[in-house]
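Below is work_0.csv, which holds CSV, N, CA and C atoms.
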chain,number,residue,atom,x,y,z
X,1,MET,N,-14.1,28.4,9.7
X,1,MET,CA,-12.9,27.8,10.3
X,1,MET,C,-12.4,28.7,11.4
X,2,GLN,N,-12.0,28.1,12.5
X,2,GLN,CA,-11.4,29.0,13.6
X,2,GLN,C,-10.0,29.2,13.3
X,3,ALA,N,-9.5,30.4,13.8
X,3,ALA,CA,-8.1,30.8,13.5
X,3,ALA,C,-7.1,29.9,14.3
X,4,ASN,N,-7.5,29.5,15.5
X,4,ASN,CA,-6.6,28.8,16.3
X,4,ASN,C,-7.1,27.4,16.6
X,5,GLY,N,-6.2,26.5,17.0
X,5,GLY,CA,-6.6,25.1,17.3
X,5,GLY,C,-5.4,24.2,17.2
X,6,PRO,N,-5.5,23.0,17.7
X,6,PRO,CA,-4.4,22.1,17.6
X,6,PRO,C,-3.9,21.8,16.2
X,7,LEU,N,-4.8,22.0,15.2
X,7,LEU,CA,-4.4,21.7,13.8
X,7,LEU,C,-4.1,22.9,13.0
X,8,GLN,N,-3.9,24.0,13.7
X,8,GLN,CA,-3.6,25.3,13.0
X,8,GLN,C,-2.3,25.1,12.1
X,9,GLY,N,-2.4,25.5,10.8
X,9,GLY,CA,-1.3,25.4,9.9
X,9,GLY,C,-1.2,24.0,9.2
X,10,LEU,N,-2.1,23.1,9.5
X,10,LEU,CA,-2.0,21.7,9.0
X,10,LEU,C,-2.9,21.5,7.8
X,11,SER,N,-2.5,20.8,6.8
X,11,SER,CA,-3.3,20.5,5.7
X,11,SER,C,-3.7,19.0,5.8
X,12,VAL,N,-5.0,18.8,5.7
X,12,VAL,CA,-5.6,17.5,5.9
X,12,VAL,C,-6.5,17.1,4.7
X,13,LEU,N,-6.4,15.9,4.2
X,13,LEU,CA,-7.3,15.5,3.1
X,13,LEU,C,-8.3,14.4,3.6
X,14,VAL,N,-9.6,14.7,3.5
X,14,VAL,CA,-10.6,13.8,3.9
X,14,VAL,C,-11.1,13.0,2.7
X,15,ILE,N,-11.0,11.6,2.9
X,15,ILE,CA,-11.3,10.7,1.8
X,15,ILE,C,-12.5,9.9,2.3
X,16,GLU,N,-13.7,10.2,1.8
X,16,GLU,CA,-14.9,9.5,2.3
X,16,GLU,C,-16.0,9.6,1.1
X,17,ASP,N,-16.6,8.5,0.8
X,17,ASP,CA,-17.5,8.5,-0.3
X,17,ASP,C,-18.9,9.0,0.1
X,18,ALA,N,-19.3,8.9,1.4
X,18,ALA,CA,-20.6,9.4,1.8
X,18,ALA,C,-20.5,10.9,2.0
X,19,ALA,N,-21.2,11.7,1.2
X,19,ALA,CA,-21.1,13.1,1.2
X,19,ALA,C,-21.4,13.7,2.6
X,20,TYR,N,-22.4,13.3,3.3
X,20,TYR,CA,-22.8,13.8,4.6
X,20,TYR,C,-21.7,13.6,5.6
X,21,VAL,N,-21.1,12.4,5.6
X,21,VAL,CA,-20.0,12.1,6.5
X,21,VAL,C,-18.8,12.9,6.2
X,22,ARG,N,-18.5,13.0,4.9
X,22,ARG,CA,-17.3,13.8,4.5
X,22,ARG,C,-17.4,15.2,5.0
X,23,ARG,N,-18.6,15.8,4.8
X,23,ARG,CA,-18.9,17.2,5.2
X,23,ARG,C,-18.7,17.3,6.7
X,24,ALA,N,-19.2,16.4,7.5
X,24,ALA,CA,-19.1,16.4,8.9
X,24,ALA,C,-17.6,16.4,9.4
X,25,LEU,N,-16.8,15.5,8.7
X,25,LEU,CA,-15.4,15.4,9.1
X,25,LEU,C,-14.7,16.7,8.7
X,26,VAL,N,-15.0,17.2,7.6
X,26,VAL,CA,-14.3,18.5,7.2
X,26,VAL,C,-14.6,19.6,8.2
X,27,ASN,N,-15.9,19.7,8.6
X,27,ASN,CA,-16.3,20.7,9.5
X,27,ASN,C,-15.6,20.5,10.9
X,28,MET,N,-15.5,19.2,11.3
X,28,MET,CA,-14.8,19.0,12.6
X,28,MET,C,-13.4,19.4,12.5
X,29,LEU,N,-12.7,19.1,11.5
X,29,LEU,CA,-11.3,19.4,11.3
X,29,LEU,C,-11.0,20.9,11.2
X,30,GLY,N,-11.9,21.6,10.5
X,30,GLY,CA,-11.8,23.0,10.3
X,30,GLY,C,-12.2,23.9,11.4
X,31,ARG,N,-13.5,23.6,11.9
X,31,ARG,CA,-14.1,24.5,12.9
X,31,ARG,C,-13.6,24.1,14.3
X,32,VAL,N,-13.5,22.8,14.6
X,32,VAL,CA,-13.0,22.4,16.0
X,32,VAL,C,-11.5,22.4,16.1
X,33,GLY,N,-10.9,21.8,15.0
X,33,GLY,CA,-9.4,21.6,15.1
X,33,GLY,C,-8.6,22.8,14.6
X,34,GLY,N,-9.3,23.7,13.8
X,34,GLY,CA,-8.5,24.8,13.2
X,34,GLY,C,-7.6,24.5,12.1
X,35,ALA,N,-7.8,23.4,11.4
X,35,ALA,CA,-6.9,23.0,10.3
X,35,ALA,C,-6.8,24.1,9.3
X,36,HIS,N,-5.7,24.3,8.7
X,36,HIS,CA,-5.4,25.4,7.8
X,36,HIS,C,-6.1,25.1,6.4
X,37,MET,N,-6.0,23.9,6.0
X,37,MET,CA,-6.5,23.5,4.7
X,37,MET,C,-7.1,22.1,4.8
X,38,VAL,N,-8.4,22.0,4.5
X,38,VAL,CA,-9.0,20.7,4.5
X,38,VAL,C,-9.5,20.4,3.1
X,39,GLY,N,-8.9,19.4,2.4
X,39,GLY,CA,-9.4,19.0,1.1
X,39,GLY,C,-10.4,17.8,1.2
X,40,GLU,N,-11.1,17.6,0.2
X,40,GLU,CA,-12.2,16.6,0.2
X,40,GLU,C,-12.1,15.8,-1.1
X,41,ALA,N,-12.1,14.4,-0.9
X,41,ALA,CA,-12.2,13.5,-2.0
X,41,ALA,C,-13.3,12.5,-1.8
X,42,ALA,N,-14.1,12.3,-2.8
X,42,ALA,CA,-15.2,11.4,-2.7
X,42,ALA,C,-14.8,9.9,-3.0
X,43,ASN,N,-13.6,9.7,-3.5
X,43,ASN,CA,-13.2,8.3,-3.8
X,43,ASN,C,-11.6,8.3,-3.9
X,44,GLY,N,-11.1,7.1,-4.0
X,44,GLY,CA,-9.7,6.9,-4.0
X,44,GLY,C,-8.9,7.6,-5.1
X,45,GLU,N,-9.5,7.5,-6.3
X,45,GLU,CA,-8.9,8.1,-7.5
X,45,GLU,C,-8.7,9.6,-7.3
X,46,GLU,N,-9.8,10.2,-6.9
X,46,GLU,CA,-9.8,11.7,-6.6
X,46,GLU,C,-8.8,12.0,-5.6
X,47,ALA,N,-8.7,11.2,-4.5
X,47,ALA,CA,-7.7,11.5,-3.4
X,47,ALA,C,-6.3,11.5,-4.0
X,48,LEU,N,-6.0,10.5,-4.8
X,48,LEU,CA,-4.6,10.4,-5.3
X,48,LEU,C,-4.3,11.6,-6.2
X,49,GLU,N,-5.3,12.0,-7.0
X,49,GLU,CA,-5.1,13.2,-7.8
X,49,GLU,C,-4.8,14.4,-7.0
X,50,LEU,N,-5.6,14.6,-5.9
X,50,LEU,CA,-5.4,15.8,-5.0
X,50,LEU,C,-4.1,15.7,-4.2
X,51,LEU,N,-3.6,14.5,-3.9
X,51,LEU,CA,-2.3,14.4,-3.3
X,51,LEU,C,-1.1,14.9,-4.2
X,52,GLY,N,-1.3,14.7,-5.5
X,52,GLY,CA,-0.3,15.2,-6.4
X,52,GLY,C,0.7,14.1,-6.8
X,53,THR,N,1.6,14.5,-7.6
X,53,THR,CA,2.7,13.6,-8.0
X,53,THR,C,4.1,14.2,-7.8
X,54,ASP,N,4.2,15.3,-7.1
X,54,ASP,CA,5.4,15.9,-6.7
X,54,ASP,C,6.1,15.0,-5.7
X,55,ALA,N,7.4,15.3,-5.3
X,55,ALA,CA,8.1,14.6,-4.3
X,55,ALA,C,7.4,14.8,-2.9
X,56,GLU,N,6.8,15.9,-2.7
X,56,GLU,CA,6.1,16.2,-1.5
X,56,GLU,C,4.6,16.1,-1.7
X,57,PRO,N,3.8,15.3,-0.9
X,57,PRO,CA,2.4,15.3,-1.1
X,57,PRO,C,1.8,16.7,-0.7
X,58,ALA,N,0.6,17.0,-1.3
X,58,ALA,CA,-0.1,18.2,-1.1
X,58,ALA,C,-0.7,18.3,0.3
X,59,PHE,N,-0.8,17.2,1.1
X,59,PHE,CA,-1.4,17.2,2.4
X,59,PHE,C,-0.5,16.5,3.4
X,60,LYS,N,-0.5,16.9,4.6
X,60,LYS,CA,0.3,16.3,5.7
X,60,LYS,C,-0.4,15.1,6.3
X,61,VAL,N,-1.7,15.1,6.3
X,61,VAL,CA,-2.5,14.0,6.9
X,61,VAL,C,-3.6,13.6,6.0
X,62,MET,N,-3.9,12.3,5.9
X,62,MET,CA,-5.1,11.8,5.2
X,62,MET,C,-6.1,11.2,6.3
X,63,VAL,N,-7.3,11.6,6.2
X,63,VAL,CA,-8.4,10.9,7.0
X,63,VAL,C,-9.2,10.1,6.0
X,64,CYS,N,-9.1,8.8,6.2
X,64,CYS,CA,-9.6,7.9,5.1
X,64,CYS,C,-10.6,6.9,5.6
X,65,ASP,N,-11.7,6.7,4.8
X,65,ASP,CA,-12.6,5.6,5.0
X,65,ASP,C,-12.0,4.4,4.3
X,66,LEU,N,-12.4,3.2,4.8
X,66,LEU,CA,-11.9,2.0,4.2
X,66,LEU,C,-12.8,1.4,3.1
X,67,ASN,N,-14.1,1.4,3.3
X,67,ASN,CA,-15.0,0.8,2.4
X,67,ASN,C,-15.6,1.8,1.4
X,68,MET,N,-15.0,2.0,0.2
X,68,MET,CA,-15.5,2.9,-0.8
X,68,MET,C,-15.7,2.2,-2.1
X,69,GLU,N,-16.5,2.8,-2.9
X,69,GLU,CA,-16.7,2.2,-4.3
X,69,GLU,C,-15.4,2.4,-5.1
X,70,GLY,N,-15.1,1.5,-5.9
X,70,GLY,CA,-13.8,1.6,-6.7
X,70,GLY,C,-12.6,1.3,-5.9
X,71,MET,N,-11.7,2.2,-5.8
X,71,MET,CA,-10.5,2.0,-5.0
X,71,MET,C,-10.8,2.0,-3.5
X,72,THR,N,-10.4,1.0,-2.7
X,72,THR,CA,-10.7,1.0,-1.3
X,72,THR,C,-9.7,1.9,-0.5
X,73,GLY,N,-10.0,2.1,0.7
X,73,GLY,CA,-9.1,2.9,1.5
X,73,GLY,C,-7.7,2.3,1.7
X,74,LEU,N,-7.7,1.0,1.8
X,74,LEU,CA,-6.4,0.2,1.9
X,74,LEU,C,-5.6,0.5,0.6
X,75,GLU,N,-6.2,0.4,-0.5
X,75,GLU,CA,-5.5,0.6,-1.8
X,75,GLU,C,-5.0,2.1,-1.9
X,76,VAL,N,-5.8,3.0,-1.4
X,76,VAL,CA,-5.3,4.4,-1.5
X,76,VAL,C,-4.1,4.6,-0.6
X,77,ILE,N,-4.1,4.1,0.6
X,77,ILE,CA,-3.0,4.2,1.5
X,77,ILE,C,-1.8,3.5,1.0
X,78,ALA,N,-1.9,2.3,0.4
X,78,ALA,CA,-0.8,1.6,-0.2
X,78,ALA,C,-0.2,2.4,-1.4
X,79,GLU,N,-1.1,2.9,-2.2
X,79,GLU,CA,-0.6,3.7,-3.4
X,79,GLU,C,0.1,5.0,-3.0
X,80,ALA,N,-0.4,5.6,-2.0
X,80,ALA,CA,0.2,6.8,-1.5
X,80,ALA,C,1.6,6.5,-0.9
X,81,GLY,N,1.7,5.3,-0.3
X,81,GLY,CA,3.0,4.9,0.2
X,81,GLY,C,4.0,4.6,-0.9
X,82,LYS,N,3.5,4.0,-2.0
X,82,LYS,CA,4.4,3.8,-3.2
X,82,LYS,C,4.8,5.1,-3.8
X,83,ARG,N,3.9,6.0,-3.9
X,83,ARG,CA,4.1,7.3,-4.6
X,83,ARG,C,5.1,8.2,-3.8
X,84,PHE,N,4.9,8.2,-2.5
X,84,PHE,CA,5.7,9.2,-1.7
X,84,PHE,C,6.7,8.6,-0.7
X,85,GLY,N,6.7,7.3,-0.6
X,85,GLY,CA,7.6,6.6,0.3
X,85,GLY,C,7.5,7.1,1.7
X,86,ALA,N,8.7,7.5,2.3
X,86,ALA,CA,8.7,8.0,3.7
X,86,ALA,C,8.0,9.3,3.9
X,87,LYS,N,7.7,10.0,2.8
X,87,LYS,CA,7.0,11.3,2.9
X,87,LYS,C,5.5,11.2,2.7
X,88,ARG,N,5.0,9.9,2.7
X,88,ARG,CA,3.6,9.7,2.6
X,88,ARG,C,2.9,10.4,3.7
X,89,PRO,N,1.7,11.0,3.5
X,89,PRO,CA,1.0,11.6,4.6
X,89,PRO,C,0.7,10.6,5.7
X,90,ALA,N,0.6,11.1,6.9
X,90,ALA,CA,0.2,10.3,8.0
X,90,ALA,C,-1.3,9.9,7.8
X,91,VAL,N,-1.7,8.8,8.3
X,91,VAL,CA,-3.1,8.3,8.0
X,91,VAL,C,-3.9,8.1,9.2
X,92,VAL,N,-5.1,8.6,9.3
X,92,VAL,CA,-6.1,8.3,10.3
X,92,VAL,C,-7.3,7.6,9.6
X,93,VAL,N,-7.6,6.4,9.9
X,93,VAL,CA,-8.7,5.7,9.3
X,93,VAL,C,-10.0,6.0,10.1
X,94,VAL,N,-11.1,6.3,9.5
X,94,VAL,CA,-12.4,6.5,10.1
X,94,VAL,C,-13.3,5.5,9.3
X,95,SER,N,-13.8,4.5,10.0
X,95,SER,CA,-14.5,3.4,9.3
X,95,SER,C,-15.5,2.7,10.2
X,96,SER,N,-16.5,2.2,9.6
X,96,SER,CA,-17.5,1.3,10.3
X,96,SER,C,-17.0,-0.1,10.5
X,97,TYR,N,-15.8,-0.4,9.9
X,97,TYR,CA,-15.3,-1.8,9.9
X,97,TYR,C,-14.1,-1.9,10.8
X,98,THR,N,-14.1,-1.3,12.0
X,98,THR,CA,-12.9,-1.3,12.9
X,98,THR,C,-12.8,-2.7,13.6
X,99,ASP,N,-13.7,-3.6,13.5
X,99,ASP,CA,-13.5,-4.9,14.1
X,99,ASP,C,-13.1,-6.0,13.1
X,100,ASP,N,-12.7,-5.6,11.9
X,100,ASP,CA,-12.2,-6.5,10.9
X,100,ASP,C,-10.7,-6.8,11.2
X,101,GLU,N,-10.4,-7.9,11.8
X,101,GLU,CA,-9.0,-8.2,12.2
X,101,GLU,C,-8.0,-8.2,11.1
X,102,VAL,N,-8.4,-8.7,9.9
X,102,VAL,CA,-7.5,-8.8,8.8
X,102,VAL,C,-7.2,-7.3,8.3
X,103,ALA,N,-8.2,-6.5,8.2
X,103,ALA,CA,-8.0,-5.1,7.8
X,103,ALA,C,-7.1,-4.4,8.8
X,104,ILE,N,-7.4,-4.6,10.1
X,104,ILE,CA,-6.6,-3.9,11.1
X,104,ILE,C,-5.2,-4.3,11.1
X,105,LYS,N,-4.9,-5.6,10.8
X,105,LYS,CA,-3.5,-6.0,10.7
X,105,LYS,C,-2.8,-5.4,9.5
X,106,GLU,N,-3.6,-5.3,8.4
X,106,GLU,CA,-3.0,-4.7,7.2
X,106,GLU,C,-2.8,-3.2,7.4
X,107,LEU,N,-3.7,-2.5,8.1
X,107,LEU,CA,-3.5,-1.1,8.4
X,107,LEU,C,-2.2,-0.9,9.2
X,108,LYS,N,-2.0,-1.7,10.2
X,108,LYS,CA,-0.8,-1.6,11.0
X,108,LYS,C,0.5,-1.8,10.2
X,109,GLU,N,0.4,-2.7,9.2
X,109,GLU,CA,1.6,-3.0,8.4
X,109,GLU,C,1.8,-1.8,7.4
X,110,LEU,N,0.7,-1.1,7.1
X,110,LEU,CA,0.8,0.1,6.2
X,110,LEU,C,1.2,1.4,7.0
X,111,GLY,N,1.3,1.3,8.3
X,111,GLY,CA,1.8,2.4,9.1
X,111,GLY,C,0.7,3.4,9.5
X,112,VAL,N,-0.6,3.0,9.5
X,112,VAL,CA,-1.7,3.8,9.8
X,112,VAL,C,-1.5,4.3,11.3
X,113,SER,N,-1.7,5.6,11.5
X,113,SER,CA,-1.5,6.2,12.9
X,113,SER,C,-2.6,5.8,13.8
X,114,ALA,N,-3.9,5.8,13.4
X,114,ALA,CA,-5.0,5.6,14.2
X,114,ALA,C,-6.2,5.1,13.4
X,115,THR,N,-7.0,4.3,14.1
X,115,THR,CA,-8.2,3.8,13.5
X,115,THR,C,-9.4,4.1,14.4
X,116,LEU,N,-10.3,4.9,13.9
X,116,LEU,CA,-11.5,5.4,14.7
X,116,LEU,C,-12.8,4.8,14.1
X,117,GLY,N,-13.7,4.4,14.9
X,117,GLY,CA,-15.0,3.8,14.5
X,117,GLY,C,-16.0,4.9,14.2
X,118,LYS,N,-16.9,4.7,13.3
X,118,LYS,CA,-18.0,5.6,13.0
X,118,LYS,C,-19.1,5.3,14.0
X,119,PRO,N,-19.9,6.2,14.4
X,119,PRO,CA,-19.6,7.7,14.3
X,119,PRO,C,-18.5,8.1,15.2
X,120,VAL,N,-17.8,9.1,14.7
X,120,VAL,CA,-16.6,9.6,15.4
X,120,VAL,C,-17.0,11.0,16.0
X,121,LEU,N,-16.5,11.2,17.2
X,121,LEU,CA,-16.7,12.5,17.8
X,121,LEU,C,-15.6,13.5,17.4
X,122,ALA,N,-15.9,14.8,17.4
X,122,ALA,CA,-14.9,15.8,16.9
X,122,ALA,C,-13.6,15.7,17.8
X,123,GLY,N,-13.8,15.6,19.1
X,123,GLY,CA,-12.6,15.6,19.9
X,123,GLY,C,-11.7,14.4,19.6
X,124,GLN,N,-12.3,13.2,19.3
X,124,GLN,CA,-11.5,12.0,19.0
X,124,GLN,C,-10.8,12.2,17.7
X,125,LEU,N,-11.4,12.8,16.7
X,125,LEU,CA,-10.8,13.0,15.4
X,125,LEU,C,-9.7,14.0,15.5
X,126,VAL,N,-9.9,15.1,16.1
X,126,VAL,CA,-8.9,16.2,16.2
X,126,VAL,C,-7.7,15.6,17.0
X,127,GLU,N,-7.9,14.9,18.1
X,127,GLU,CA,-6.8,14.3,18.8
X,127,GLU,C,-6.0,13.3,18.0
X,128,ALA,N,-6.7,12.4,17.2
X,128,ALA,CA,-6.0,11.4,16.4
X,128,ALA,C,-5.2,12.1,15.3
X,129,VAL,N,-5.8,13.1,14.7
X,129,VAL,CA,-5.0,13.9,13.6
X,129,VAL,C,-3.8,14.6,14.2
X,130,THR,N,-4.0,15.2,15.3
X,130,THR,CA,-2.9,15.9,16.0
X,130,THR,C,-1.8,15.0,16.3
X,131,LYS,N,-2.1,13.8,16.8
X,131,LYS,CA,-1.0,12.8,17.1
X,131,LYS,C,-0.4,12.3,15.8
X,132,ALA,N,-1.2,12.1,14.8
X,132,ALA,CA,-0.7,11.6,13.5
X,132,ALA,C,0.3,12.6,12.9
X,133,ALA,N,0.0,13.8,13.1
X,133,ALA,CA,0.9,14.9,12.5
X,133,ALA,C,2.1,15.1,13.3
X,134,GLY,N,2.2,14.4,14.5
X,134,GLY,CA,3.4,14.6,15.3
X,134,GLY,C,3.4,15.8,16.1
X,135,ARG,N,2.2,16.3,16.5
X,135,ARG,CA,2.2,17.5,17.3
X,135,ARG,C,1.9,17.2,18.8
How would this structure read if it were set down as structure tokens?
Amino acid sequence: MQANGPLQGLSVLVIEDAAYVRRALVNMLGRVGGAHMVGEAANGEEALELLGTDAEPAFKVMVCDLNMEGMTGLEVIAEAGKRFGAKRPAVVVVSSYTDDEVAIKELKELGVSATLGKPVLAGQLVEAVTKAAGR
């Protein structure tokens, strides 16, 4: 991980069921963006466990896939919203299904900051996470 970058000091949780994609996203955020802490979850249940149950979530931003086994990305985002309310982590969706109008409408209603199509470039991801974090 680089010491400096637009994501320096930021904690990000990557939620992606495909291990090779998850690793790539983690590397982009850490090495290119300089994120302080990048957590990894292979599914929605694991993501919610890592977010915690305290009043404050353990991560400032979630980078989330939509189409996962078990709990979908939409379900994870909705549950995080119920659990943390206004303190829910900002969300950047990275998915192959960015042309699904129903899902895009639902994502907007859930307050998702950005939706990126796969494959995603490091610069796109870092920029979207930076904006989602309000930097």
Residue nearest Gly117 in chain X - candidates X:Met37, X:Val94, X:Val102, X:Met28, atoms counted: only N, CA and C atoms: X:Val94
Nearest residue to Val61 in chain X from the set X:Val92, X:Leu125, X:Ala114, X:Leu29 (distances using all atoms listed in the file): X:Val92
Straight-line distance linking CA of Gln124 in chain X with CA of Ala86 in chain X, stated in Å to one decimal: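 So the answer is 25.7 Å.
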Length of the CA of Glu56 in chain X to CA of Arg22 in chain X vector [Å]: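 Value for the CA of Glu56 in chain X-CA of Arg22 in chain X distance: 24.3 Å.
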Sel. of strand (DSSP E) residues, range 11-133 of chain X, as a list in words: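 DSSP-assigned strand (DSSP E) residues in range 11-133 of chain X: Ser11, Val12, Leu13, Val14, Ile15, Met37, Val38, Gly39, Glu40, Ala41, Val61, Met62, Val63, Cys64, Ala90, Val91, Val92, Val93, Val94, Ser95, Ala114, Thr115, Leu116 and Gly117 of chain X.
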Selected residue of minimal separation from Leu10 in chain X among X:Lys105, X:Arg31, X:Arg23, X:Lys60, counting all atoms listed in the file: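 Answer, going by the shortest atom-to-atom distance: X:Lys60.
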Distance of CA of Gly33 in chain X from CA of Val126 in chain X, expressed in Å to one decimal place: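 So the answer is 5.5 Å.
Considering the residues X:Val129, X:Ile15, X:Leu7, X:Ala47 and counting only N, CA and C atoms, Val32 in chain X has its shortest atom-to-atom contact with X:Leu7.
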Residue contacts of Val63 in chain X (7 Å, all atoms listed in the file) excluding same-chain residues fewer than 3 positions away, as a PyMOL selection string: chain X and resi 12-16+90-94
What does the file look like for those residues with N, CA and C atoms, as a PDB file, in the coordinates of the input?
ATOM      1  N   VAL X  12      -5.000  18.800   5.700  1.00  0.00           N
ATOM      2  CA  VAL X  12      -5.600  17.500   5.900  1.00  0.00           C
ATOM      3  C   VAL X  12      -6.500  17.100   4.700  1.00  0.00           C
ATOM      4  N   LEU X  13      -6.400  15.900   4.200  1.00  0.00           N
ATOM      5  CA  LEU X  13      -7.300  15.500   3.100  1.00  0.00           C
ATOM      6  C   LEU X  13      -8.300  14.400   3.600  1.00  0.00           C
ATOM      7  N   VAL X  14      -9.600  14.700   3.500  1.00  0.00           N
ATOM      8  CA  VAL X  14     -10.600  13.800   3.900  1.00  0.00           C
ATOM      9  C   VAL X  14     -11.100  13.000   2.700  1.00  0.00           C
ATOM     10  N   ILE X  15     -11.000  11.600   2.900  1.00  0.00           N
ATOM     11  CA  ILE X  15     -11.300  10.700   1.800  1.00  0.00           C
ATOM     12  C   ILE X  15     -12.500   9.900   2.300  1.00  0.00           C
ATOM     13  N   GLU X  16     -13.700  10.200   1.800  1.00  0.00           N
ATOM     14  CA  GLU X  16     -14.900   9.500   2.300  1.00  0.00           C
ATOM     15  C   GLU X  16     -16.000   9.600   1.100  1.00  0.00           C
ATOM     16  N   ALA X  90       0.600  11.100   6.900  1.00  0.00           N
ATOM     17  CA  ALA X  90       0.200  10.300   8.000  1.00  0.00           C
ATOM     18  C   ALA X  90      -1.300   9.900   7.800  1.00  0.00           C
ATOM     19  N   VAL X  91      -1.700   8.800   8.300  1.00  0.00           N
ATOM     20  CA  VAL X  91      -3.100   8.300   8.000  1.00  0.00           C
ATOM     21  C   VAL X  91      -3.900   8.100   9.200  1.00  0.00           C
ATOM     22  N   VAL X  92      -5.100   8.600   9.300  1.00  0.00           N
ATOM     23  CA  VAL X  92      -6.100   8.300  10.300  1.00  0.00           C
ATOM     24  C   VAL X  92      -7.300   7.600   9.600  1.00  0.00           C
ATOM     25  N   VAL X  93      -7.600   6.400   9.900  1.00  0.00           N
ATOM     26  CA  VAL X  93      -8.700   5.700   9.300  1.00  0.00           C
ATOM     27  C   VAL X  93     -10.000   6.000  10.100  1.00  0.00           C
ATOM     28  N   VAL X  94     -11.100   6.300   9.500  1.00  0.00           N
ATOM     29  CA  VAL X  94     -12.400   6.500  10.100  1.00  0.00           C
ATOM     30  C   VAL X  94     -13.300   5.500   9.300  1.00  0.00           C
TER      31      VAL X  94
END
Nearest to Ala128 in chain X, chosen from X:Asn43, X:Ser113, X:Phe84, X:Glu49, with only N, CA and C atoms counted in the distances: X:Ser113
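Distances here use only C-alpha atoms; by that measure, the residue among X:Glu106, X:Gly44, X:Ala122, X:Ala55 closest to Gly70 in chain X is X:Gly44.
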Residue neighbourhood Leu66 in chain X, 8 Å, only C-alpha atoms, exclusion window fewer than 2 positions, as a VMD selection string: chain X and resid 64 68 72 to 74 93 to 95 97
